[in-house]
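Undergrad: I am sharing work-v8.cif, which consists of mmCIF, C-alpha atoms:
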```
data_protein
loop_
_atom_site.label_atom_id
_atom_site.label_comp_id
_atom_site.auth_asym_id
_atom_site.auth_seq_id
_atom_site.Cartn_x
_atom_site.Cartn_y
_atom_site.Cartn_z
CA MET A 1 98.48 -15.12 -55.44
CA GLU A 2 99.19 -14.57 -59.12
CA GLN A 3 97.63 -17.34 -61.30
CA ASN A 4 100.88 -18.34 -63.06
CA LEU A 5 102.61 -18.85 -59.72
CA GLN A 6 99.68 -20.93 -58.51
CA ASN A 7 100.02 -23.21 -61.56
CA ILE A 8 103.77 -23.63 -60.91
CA ILE A 9 103.08 -24.57 -57.27
CA GLU A 10 100.55 -27.24 -58.31
CA ILE A 11 103.10 -28.74 -60.74
CA LEU A 12 105.79 -28.84 -58.04
CA GLN A 13 103.43 -30.47 -55.54
CA ASN A 14 102.53 -33.22 -58.05
CA HIS A 15 106.14 -33.77 -59.15
CA SER A 16 107.48 -36.98 -57.54
CA GLY A 17 111.12 -36.39 -58.30
CA LEU A 18 111.53 -33.66 -55.61
CA SER A 19 111.97 -34.25 -51.91
CA ASP A 20 109.68 -32.59 -49.40
CA ASP A 21 112.48 -30.18 -48.33
CA GLU A 22 113.17 -29.18 -51.93
CA LYS A 23 109.47 -28.63 -52.50
CA ALA A 24 109.26 -26.51 -49.31
CA LYS A 25 112.22 -24.34 -50.39
CA LEU A 26 110.80 -23.83 -53.87
CA MET A 27 107.44 -22.93 -52.33
CA ALA A 28 109.15 -20.39 -50.06
CA TYR A 29 111.00 -18.85 -53.04
CA LEU A 30 107.82 -18.66 -55.06
CA LYS A 31 105.85 -17.06 -52.22
CA GLU A 32 108.65 -14.47 -51.72
CA ALA A 33 108.59 -13.74 -55.45
CA ASP A 34 104.82 -13.43 -55.30
CA LYS A 35 105.13 -10.99 -52.40
CA LYS A 36 107.62 -8.82 -54.29
CA ILE A 37 105.48 -8.85 -57.40
CA THR A 38 102.50 -7.74 -55.31
CA ILE A 39 104.55 -4.86 -53.86
CA VAL A 40 105.73 -3.84 -57.35
CA GLU A 41 102.17 -3.90 -58.61
CA PHE A 42 101.09 -1.74 -55.66
CA LYS A 43 103.87 0.73 -56.34
CA LEU A 44 103.06 0.83 -60.03
CA ASP A 45 99.40 1.45 -59.22
CA ARG A 46 100.38 4.16 -56.76
CA THR A 47 102.74 5.73 -59.29
CA GLU A 48 99.96 5.82 -61.87
CA LYS A 49 97.66 7.54 -59.40
CA VAL A 50 100.41 10.07 -58.60
CA LYS A 51 100.90 10.68 -62.32
CA ARG A 52 97.17 11.26 -62.81
CA THR A 53 97.06 13.57 -59.78
CA THR A 54 100.17 15.43 -60.98
CA ALA A 55 98.69 15.85 -64.46
CA ILE A 56 95.50 17.29 -62.95
CA LEU A 57 97.49 19.65 -60.70
CA LEU A 58 99.72 20.66 -63.62
CA GLU A 59 96.70 21.41 -65.77
CA GLU A 60 95.15 23.47 -62.96
CA THR A 61 98.47 25.29 -62.44
CA ILE A 62 98.76 26.10 -66.14
CA GLU A 63 95.20 27.43 -66.13
CA GLU A 64 95.92 29.50 -63.01
CA LEU A 65 99.13 30.88 -64.55
CA GLU A 66 97.23 31.79 -67.71
CA GLN A 67 94.65 33.64 -65.62
CA LYS A 68 97.44 35.46 -63.78
CA ARG A 69 99.14 36.32 -67.09
CA LYS A 70 95.91 37.83 -68.38
CA ALA A 71 95.46 39.70 -65.09
CA ILE A 72 99.03 41.04 -65.32
CA GLU A 73 98.42 42.13 -68.93
CA GLU A 74 95.23 43.91 -67.88
CA THR A 75 97.06 45.54 -64.95
CA ASN A 76 99.91 46.65 -67.23
CA ALA A 77 97.42 48.10 -69.70
CA ALA A 78 95.67 49.95 -66.87
CA LEU A 79 99.00 51.20 -65.51
CA LYS A 80 100.07 52.33 -68.99
CA LYS A 81 96.82 54.22 -69.43
CA SER A 82 97.17 55.77 -65.95
CA LEU A 83 100.76 56.78 -66.75
CA GLU A 84 99.66 58.42 -70.00
CA GLU A 85 96.87 60.24 -68.17
CA LEU A 86 99.32 61.29 -65.45
CA LYS A 87 101.78 62.61 -68.04
CA ALA A 88 98.99 64.51 -69.76
CA ALA A 89 97.85 65.98 -66.44
CA GLN A 90 101.43 66.88 -65.57
CA ALA A 91 101.88 68.59 -68.94
CA GLN A 92 98.66 70.55 -68.34
CA LEU A 93 99.80 71.57 -64.86
CA ILE A 94 103.19 72.67 -66.17
CA GLN A 95 101.50 74.69 -68.90
CA SER A 96 99.16 76.18 -66.28
CA GLU A 97 102.18 77.19 -64.21
CA LYS A 98 103.77 78.77 -67.27
CA MET A 99 100.59 80.66 -68.09
CA ALA A 100 100.27 81.75 -64.47
CA SER A 101 103.74 83.26 -64.56
CA LEU A 102 102.95 84.80 -67.93
CA GLY A 103 99.87 86.40 -66.37
CA GLU A 104 102.09 87.90 -63.69
CA LEU A 105 104.19 89.45 -66.45
CA THR A 106 101.35 90.79 -68.59
CA ALA A 107 100.75 94.02 -66.66
CA GLY A 108 104.47 94.67 -66.41
CA ILE A 109 104.88 94.10 -70.14
CA ALA A 110 102.02 96.51 -70.88
CA HIS A 111 103.69 99.12 -68.67
CA GLU A 112 107.07 98.55 -70.29
CA ILE A 113 105.67 98.69 -73.83
CA GLN A 114 103.65 101.83 -73.10
CA ASN A 115 106.79 103.88 -72.41
CA PRO A 116 108.49 103.28 -75.78
CA LEU A 117 105.14 103.60 -77.54
CA ASN A 118 104.67 107.01 -75.97
CA PHE A 119 108.10 108.04 -77.26
CA VAL A 120 107.31 106.68 -80.73
CA ASN A 121 103.99 108.51 -80.88
CA ASN A 122 105.38 111.79 -79.55
CA PHE A 123 108.46 111.89 -81.76
CA SER A 124 106.39 110.82 -84.79
CA GLU A 125 103.92 113.66 -84.20
CA VAL A 126 106.69 116.24 -83.70
CA SER A 127 108.59 114.99 -86.76
CA TYR A 128 105.43 115.21 -88.88
CA GLU A 129 105.04 118.87 -87.91
CA MET A 130 108.75 119.53 -88.48
CA ILE A 131 108.54 118.22 -92.05
CA ASP A 132 105.91 120.86 -92.81
CA GLU A 133 108.18 123.48 -91.28
CA MET A 134 111.13 122.19 -93.33
CA TRP A 135 109.18 122.53 -96.57
CA GLU A 136 108.20 126.05 -95.62
CA GLU A 137 111.88 126.92 -95.12
CA ILE A 138 112.77 125.29 -98.44
CA GLU A 139 110.15 127.40 -100.18
CA LYS A 140 111.64 130.47 -98.52
CA GLU A 141 115.03 129.20 -99.78
CA ASP A 142 116.36 129.25 -96.23
CA LEU A 143 118.40 126.11 -96.70
CA GLU A 144 120.33 126.43 -93.44
CA GLU A 145 117.14 126.34 -91.39
CA ALA A 146 115.82 123.51 -93.57
CA LYS A 147 119.00 121.52 -92.95
CA ALA A 148 118.72 122.12 -89.21
CA LEU A 149 115.13 120.88 -89.26
CA ALA A 150 116.20 117.83 -91.32
CA ASN A 151 118.87 117.00 -88.75
CA ASP A 152 116.30 117.32 -85.95
CA ILE A 153 113.93 115.04 -87.86
CA LYS A 154 116.75 112.50 -88.34
CA SER A 155 117.48 112.64 -84.62
CA ASN A 156 113.80 112.04 -83.87
CA LEU A 157 113.71 109.09 -86.27
CA GLU A 158 116.72 107.57 -84.49
CA LYS A 159 114.84 107.87 -81.19
CA ILE A 160 111.72 106.34 -82.78
CA LEU A 161 113.83 103.44 -84.07
CA HIS A 162 115.47 102.97 -80.65
CA HIS A 163 112.18 102.86 -78.76
CA GLY A 164 110.56 100.73 -81.46
CA LYS A 165 113.33 98.16 -81.02
CA ARG A 166 112.84 98.38 -77.26
CA ALA A 167 109.15 97.49 -77.65
CA ASP A 168 110.10 94.72 -80.09
CA THR A 169 112.52 93.25 -77.53
CA ILE A 170 109.83 93.22 -74.86
CA VAL A 171 107.33 91.49 -77.14
CA LYS A 172 109.90 88.88 -78.16
CA GLY A 173 110.68 88.25 -74.52
CA MET A 174 106.99 87.72 -73.82
CA LEU A 175 106.67 85.28 -76.73
CA GLN A 176 109.76 83.41 -75.57
CA HIS A 177 108.27 83.06 -72.12
CA SER A 178 104.86 81.89 -73.34
CA ARG A 179 106.02 79.31 -75.88
CA SER A 180 106.97 75.78 -74.98
CA SER A 181 110.69 75.31 -74.64
CA ALA A 182 112.28 73.60 -77.62
CA GLY A 183 115.39 72.97 -75.56
CA VAL A 184 117.49 75.08 -77.89
CA LYS A 185 120.45 76.95 -76.46
CA GLU A 186 120.80 80.56 -77.51
CA PRO A 187 123.50 83.17 -76.91
CA THR A 188 122.07 85.15 -73.98
CA ASP A 189 123.02 88.18 -71.94
CA ILE A 190 122.16 86.81 -68.49
CA ASN A 191 122.43 90.26 -66.89
CA ALA A 192 119.92 91.76 -69.34
CA LEU A 193 117.64 88.74 -68.87
CA ALA A 194 117.67 89.06 -65.06
CA ASP A 195 117.18 92.84 -65.18
CA GLU A 196 114.32 92.52 -67.67
CA TYR A 197 112.40 90.01 -65.55
CA LEU A 198 113.02 91.98 -62.37
CA ARG A 199 111.44 95.13 -63.83
CA LEU A 200 108.60 93.30 -65.57
CA ALA A 201 107.68 91.37 -62.42
CA TYR A 202 107.79 94.55 -60.34
CA HIS A 203 105.60 96.60 -62.70
CA GLY A 204 103.22 93.65 -63.06
CA LEU A 205 102.63 93.52 -59.31
CA ARG A 206 102.35 97.29 -59.13
CA ALA A 207 99.68 97.21 -61.83
CA LYS A 208 97.64 94.70 -59.83
CA ASP A 209 98.24 96.36 -56.46
CA LYS A 210 99.12 100.07 -56.41
CA SER A 211 100.00 99.85 -52.71
CA PHE A 212 102.78 97.37 -53.45
CA ASN A 213 106.25 98.82 -53.28
CA ALA A 214 109.75 97.47 -52.79
CA GLU A 215 113.30 98.63 -53.21
CA LEU A 216 115.06 96.91 -56.09
CA LYS A 217 118.79 96.31 -55.96
CA THR A 218 120.97 94.85 -58.70
CA ASP A 219 124.62 93.89 -58.84
CA PHE A 220 125.56 92.42 -62.21
CA ASP A 221 129.00 91.08 -63.11
CA ASN A 222 129.79 92.59 -66.52
CA SER A 223 132.63 90.13 -67.07
CA ILE A 224 130.13 87.31 -67.70
CA GLY A 225 129.38 88.38 -71.26
CA ILE A 226 127.24 86.17 -73.47
CA ILE A 227 126.51 82.58 -72.39
CA HIS A 228 124.62 79.79 -74.16
CA ILE A 229 121.50 78.74 -72.28
CA ILE A 230 117.82 78.10 -72.96
CA PRO A 231 116.68 81.67 -72.19
CA GLN A 232 112.95 81.05 -71.79
CA ASP A 233 113.65 78.28 -69.25
CA ILE A 234 116.20 80.19 -67.14
CA GLY A 235 113.97 83.26 -67.48
CA ARG A 236 111.10 81.30 -65.91
CA VAL A 237 113.33 80.30 -63.01
CA ILE A 238 114.47 83.88 -62.38
CA LEU A 239 110.89 85.17 -62.69
CA ASN A 240 109.59 82.58 -60.24
CA LEU A 241 112.24 83.41 -57.64
CA ILE A 242 111.69 87.17 -58.03
CA THR A 243 107.91 86.83 -57.83
CA ASN A 244 108.23 84.72 -54.69
CA ALA A 245 110.60 87.30 -53.20
CA PHE A 246 108.10 90.11 -53.87
CA TYR A 247 105.36 88.00 -52.29
CA VAL A 248 107.25 87.38 -49.03
CA VAL A 249 108.43 91.00 -48.58
CA ASP A 250 104.90 92.26 -49.22
CA GLU A 251 103.56 89.70 -46.74
CA LYS A 252 106.02 90.91 -44.11
CA LYS A 253 105.16 94.55 -44.78
CA ASN A 254 101.43 93.87 -44.41
CA SER A 255 102.08 92.23 -41.04
CA GLY A 256 102.56 95.74 -39.62
CA ILE A 257 106.28 95.71 -38.76
CA GLU A 258 107.46 99.28 -38.19
CA ASN A 259 110.33 100.84 -40.16
CA TYR A 260 110.44 97.87 -42.49
CA GLU A 261 111.62 98.51 -46.05
CA PRO A 262 110.80 95.64 -48.46
CA THR A 263 113.91 94.92 -50.51
CA VAL A 264 114.60 92.45 -53.29
CA SER A 265 118.12 92.08 -54.70
CA VAL A 266 119.22 90.31 -57.87
CA SER A 267 122.88 89.71 -58.64
CA THR A 268 125.10 87.74 -61.00
CA LYS A 269 128.67 86.62 -60.63
CA LYS A 270 131.17 84.56 -62.56
CA GLU A 271 133.07 82.01 -60.47
CA GLY A 272 135.45 79.78 -62.37
CA ASN A 273 133.41 77.84 -64.92
CA LYS A 274 130.08 78.70 -63.24
CA ILE A 275 127.59 81.55 -63.32
CA ILE A 276 125.99 82.39 -59.99
CA ILE A 277 122.59 84.12 -60.01
CA THR A 278 121.14 85.11 -56.63
CA VAL A 279 117.72 86.43 -55.69
CA LYS A 280 117.63 87.80 -52.16
CA ASP A 281 114.76 89.12 -50.04
CA ASN A 282 114.46 90.53 -46.53
CA GLY A 283 111.19 88.76 -45.77
CA ASN A 284 110.42 86.45 -42.86
CA GLY A 285 112.57 83.57 -44.06
CA ILE A 286 111.50 79.95 -44.52
CA PRO A 287 110.57 77.90 -41.42
CA GLN A 288 112.88 74.92 -40.87
CA LYS A 289 109.94 72.53 -40.74
CA VAL A 290 109.08 73.22 -44.40
CA LEU A 291 112.56 73.92 -45.75
CA ASP A 292 113.07 70.34 -46.97
CA LYS A 293 109.75 70.39 -48.82
CA ILE A 294 109.93 73.60 -50.85
CA PHE A 295 111.23 71.90 -54.01
CA GLN A 296 108.61 69.13 -53.87
CA PRO A 297 105.85 69.25 -56.51
CA PHE A 298 102.57 70.80 -55.32
CA PHE A 299 104.00 72.01 -52.03
CA THR A 300 103.12 75.63 -51.28
CA THR A 301 102.78 77.83 -48.23
CA LYS A 302 100.55 80.30 -50.08
CA PRO A 303 96.79 80.38 -49.43
CA THR A 304 94.56 78.21 -51.61
CA GLY A 305 94.23 79.63 -55.09
CA GLN A 306 97.37 81.77 -54.89
CA GLY A 307 99.94 79.17 -55.86
CA THR A 308 100.16 75.91 -57.82
CA GLY A 309 103.05 74.52 -55.79
CA LEU A 310 104.89 73.80 -59.03
CA GLY A 311 107.01 76.96 -59.39
CA LEU A 312 110.02 75.91 -57.33
CA SER A 313 109.73 72.28 -58.40
CA LEU A 314 109.88 73.23 -62.09
CA SER A 315 112.65 75.73 -61.40
CA TYR A 316 114.68 73.02 -59.67
CA ASP A 317 114.22 70.65 -62.64
CA ILE A 318 115.12 73.35 -65.17
CA VAL A 319 118.35 74.23 -63.37
CA LYS A 320 119.24 70.54 -63.03
CA ALA A 321 118.61 70.09 -66.76
CA HIS A 322 121.16 72.86 -67.36
CA GLY A 323 123.71 70.86 -65.36
CA GLY A 324 123.42 73.24 -62.42
CA GLU A 325 122.07 73.50 -58.89
CA LEU A 326 119.36 75.50 -57.16
CA LYS A 327 119.98 76.12 -53.47
CA VAL A 328 118.43 78.19 -50.72
CA GLU A 329 119.84 79.85 -47.63
CA THR A 330 117.40 81.26 -45.11
CA GLU A 331 117.31 82.87 -41.69
CA GLN A 332 114.13 83.11 -39.68
CA GLY A 333 112.87 86.68 -39.54
CA LYS A 334 115.61 88.05 -41.81
CA GLY A 335 114.95 86.65 -45.25
CA SER A 336 116.14 84.14 -47.84
CA VAL A 337 118.65 83.86 -50.65
CA PHE A 338 118.02 81.58 -53.61
CA VAL A 339 121.18 80.70 -55.52
CA ILE A 340 121.23 79.43 -59.09
CA GLN A 341 124.49 77.85 -60.22
CA ILE A 342 124.83 76.95 -63.91
CA PRO A 343 127.93 75.98 -65.86
CA ILE A 344 129.19 78.40 -68.51
CA LYS A 345 129.56 75.49 -70.89
CA PHE A 346 126.11 73.92 -70.94
CA ASN A 347 126.04 70.70 -73.00
#
```
Could you write out this file's structure as structure tokens?

TA:
Amino acid sequence: MEQNLQNIIEILQNHSGLSDDEKAKLMAYLKEADKKITIVEFKLDRTEKVKRTTAILLEETIEELEQKRKAIEETNAALKKSLEELKAAQAQLIQSEKMASLGELTAGIAHEIQNPLNFVNNFSEVSYEMIDEMWEEIEKEDLEEAKALANDIKSNLEKILHHGKRADTIVKGMLQHSRSSAGVKEPTDINALADEYLRLAYHGLRAKDKSFNAELKTDFDNSIGIIHIIPQDIGRVILNLITNAFYVVDEKKNSGIENYEPTVSVSTKKEGNKIIITVKDNGNGIPQKVLDKIFQPFFTTKPTGQGTGLGLSLSYDIVKAHGGELKVETEQGKGSVFVIQIPIKFN
């Protein structure tokens, strides 16, 4: 019992002015008070222990949270580094795909440039000889013949200029294709762009494989006129689709099917506020089991080393970036049609 209560009890017991009943009641009250005080002390002691335990747990929790925060920071730093490395790898792969398609064009470009260069060289040589002849006629004072020779020389120079510009156009197209896209829209003749890439892709494959042959068909809508697009990007899409078309028709031809004529068709059409560009082949078509995967990055049905699996994926992204759609229609054993839809007004 608490010492103060014990002292009070002793005083009450020695006090003669209280009856025994009154002393008994007071004793009962004091003992009850003592009991309650004991309980309060127990609870206070227990509360203090809980507080100490809680403080320890809180300290441990704070330390654990700090460790987790540091771990999260380290994980975020690692993820950031991995993302940067992934972006760098993706950029390298995209550039590799661009260079691969440029390689496919190189032989075709050489073939296309050689023709105008031959004209330039031939007409230059002939014109050089004609100038000597013109001076001879001038010395003979045969001005009529000299004038005729001068007109012929002028005609030759016009042809040299024409074919020189043709070679210049081809080189500019090659540079456009090889450089990274700056995302700048340019006024573009989509028909000329599609026709250019069709011929360059064809001659490029012919240069690598003389046995390769295919019938080329074009159907261009002349009402389209000039549209504003990013030409090197759309050119890459068209080139990729044409190159794939040549691949599948050649694959079908090499399978030994009789009376098969490989054919690749490219067409353009204006429909409302859209331009429709189609690349059609009469190859084997795309199996249904892989049809949903063809626009996925790194997916390819070509043998190892013959495809990056990025061509159609990049093409899909480029067309989407132009506010358009890239779709495919295919029939097993009969071929496929890839359809590019882009708005005339590209924002």

Undergrad: Excluding segment 134-139 of chain A and its own-chain neighbours fewer than 4 positions away, which residues fall within 6 Å of it when counting all atoms listed in the file? Please give them as a PDB file with C-alpha atoms, in the coordinates of the input.

TA:
```
ATOM      1  CA  LEU A 143     118.400 126.110 -96.700  1.00  0.00           C
ATOM      2  CA  ALA A 146     115.820 123.510 -93.570  1.00  0.00           C
ATOM      3  CA  LEU A 149     115.130 120.880 -89.260  1.00  0.00           C
TER       4      LEU A 149
END
```

Undergrad: Interatomic distance between atom CA of Ala245 of chain A and atom CA of Ser265 of chain A?

TA: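 Pair atom CA of Ala245 of chain A / atom CA of Ser265 of chain A returns 9.0 Å.
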
Undergrad: Can you work out the spacing between atom CA of Ile190 of chain A and atom CA of Glu215 of chain A in Å, to one decimal?

TA: 21.3 Å

Undergrad: Could you tell me which residues the PyMOL selection byres ((chain A and resi 342) around 7) grabs in this file, written as a list in words?

TA: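 Here the PyMOL selection byres ((chain A and resi 342) around 7) matches Lys274, Ile275, Ile276, His322, Gly323, Gly324, Glu325, Ile340, Gln341, Pro343 and Ile344 of chain A.
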
Undergrad: Looking at only C-alpha atoms, which of A:Thr330, A:Thr54, A:Thr263, A:Ser315 is the one that sits closest to Ile286 of chain A?

TA: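 Closest candidate: A:Thr330.
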
Undergrad: Translate the PyMOL selection byres ((chain A and resi 242) around 8) into a concrete residue list for this structure, as a PyMOL selection string.

TA: chain A and resi 198+201+238-241+243-246+264+279

Undergrad: Calculated over only C-alpha atoms, which of the candidates A:Glu186, A:Gln296, A:Asp250, A:Glu133 has the smallest distance to Asp209 of chain A?

TA: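 Closest residue, counting only C-alpha atoms: A:Asp250.
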
Undergrad: To one decimal place, how far is atom CA of Phe42 of chain A from atom CA of Glu59 of chain A in Å?

TA: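 Interatomic distance here is 25.6 Å.
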
Undergrad: If the PyMOL selection byres ((chain A and resi 331) around 10) is run on the structure shown, which residues does it catch, given as a PyMOL selection string?

TA: chain A and resi 282-288+329-330+332-337

Undergrad: Since we have the selection now, will you write its residues out, keeping C-alpha atoms, as a PDB file, in the coordinates of the input?

TA:
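This went into out07.pdb:
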```pdb
ATOM      1  CA  ASN A 282     114.460  90.530 -46.530  1.00  0.00           C
ATOM      2  CA  GLY A 283     111.190  88.760 -45.770  1.00  0.00           C
ATOM      3  CA  ASN A 284     110.420  86.450 -42.860  1.00  0.00           C
ATOM      4  CA  GLY A 285     112.570  83.570 -44.060  1.00  0.00           C
ATOM      5  CA  ILE A 286     111.500  79.950 -44.520  1.00  0.00           C
ATOM      6  CA  PRO A 287     110.570  77.900 -41.420  1.00  0.00           C
ATOM      7  CA  GLN A 288     112.880  74.920 -40.870  1.00  0.00           C
ATOM      8  CA  GLU A 329     119.840  79.850 -47.630  1.00  0.00           C
ATOM      9  CA  THR A 330     117.400  81.260 -45.110  1.00  0.00           C
ATOM     10  CA  GLN A 332     114.130  83.110 -39.680  1.00  0.00           C
ATOM     11  CA  GLY A 333     112.870  86.680 -39.540  1.00  0.00           C
ATOM     12  CA  LYS A 334     115.610  88.050 -41.810  1.00  0.00           C
ATOM     13  CA  GLY A 335     114.950  86.650 -45.250  1.00  0.00           C
ATOM     14  CA  SER A 336     116.140  84.140 -47.840  1.00  0.00           C
ATOM     15  CA  VAL A 337     118.650  83.860 -50.650  1.00  0.00           C
TER      16      VAL A 337
END
```

Undergrad: Have a look at A:Ser155, A:Thr218, A:Asn213, A:Gln114 and name the one nearest to Glu261 of chain A; count all atoms listed in the file.

TA: A:Asn213
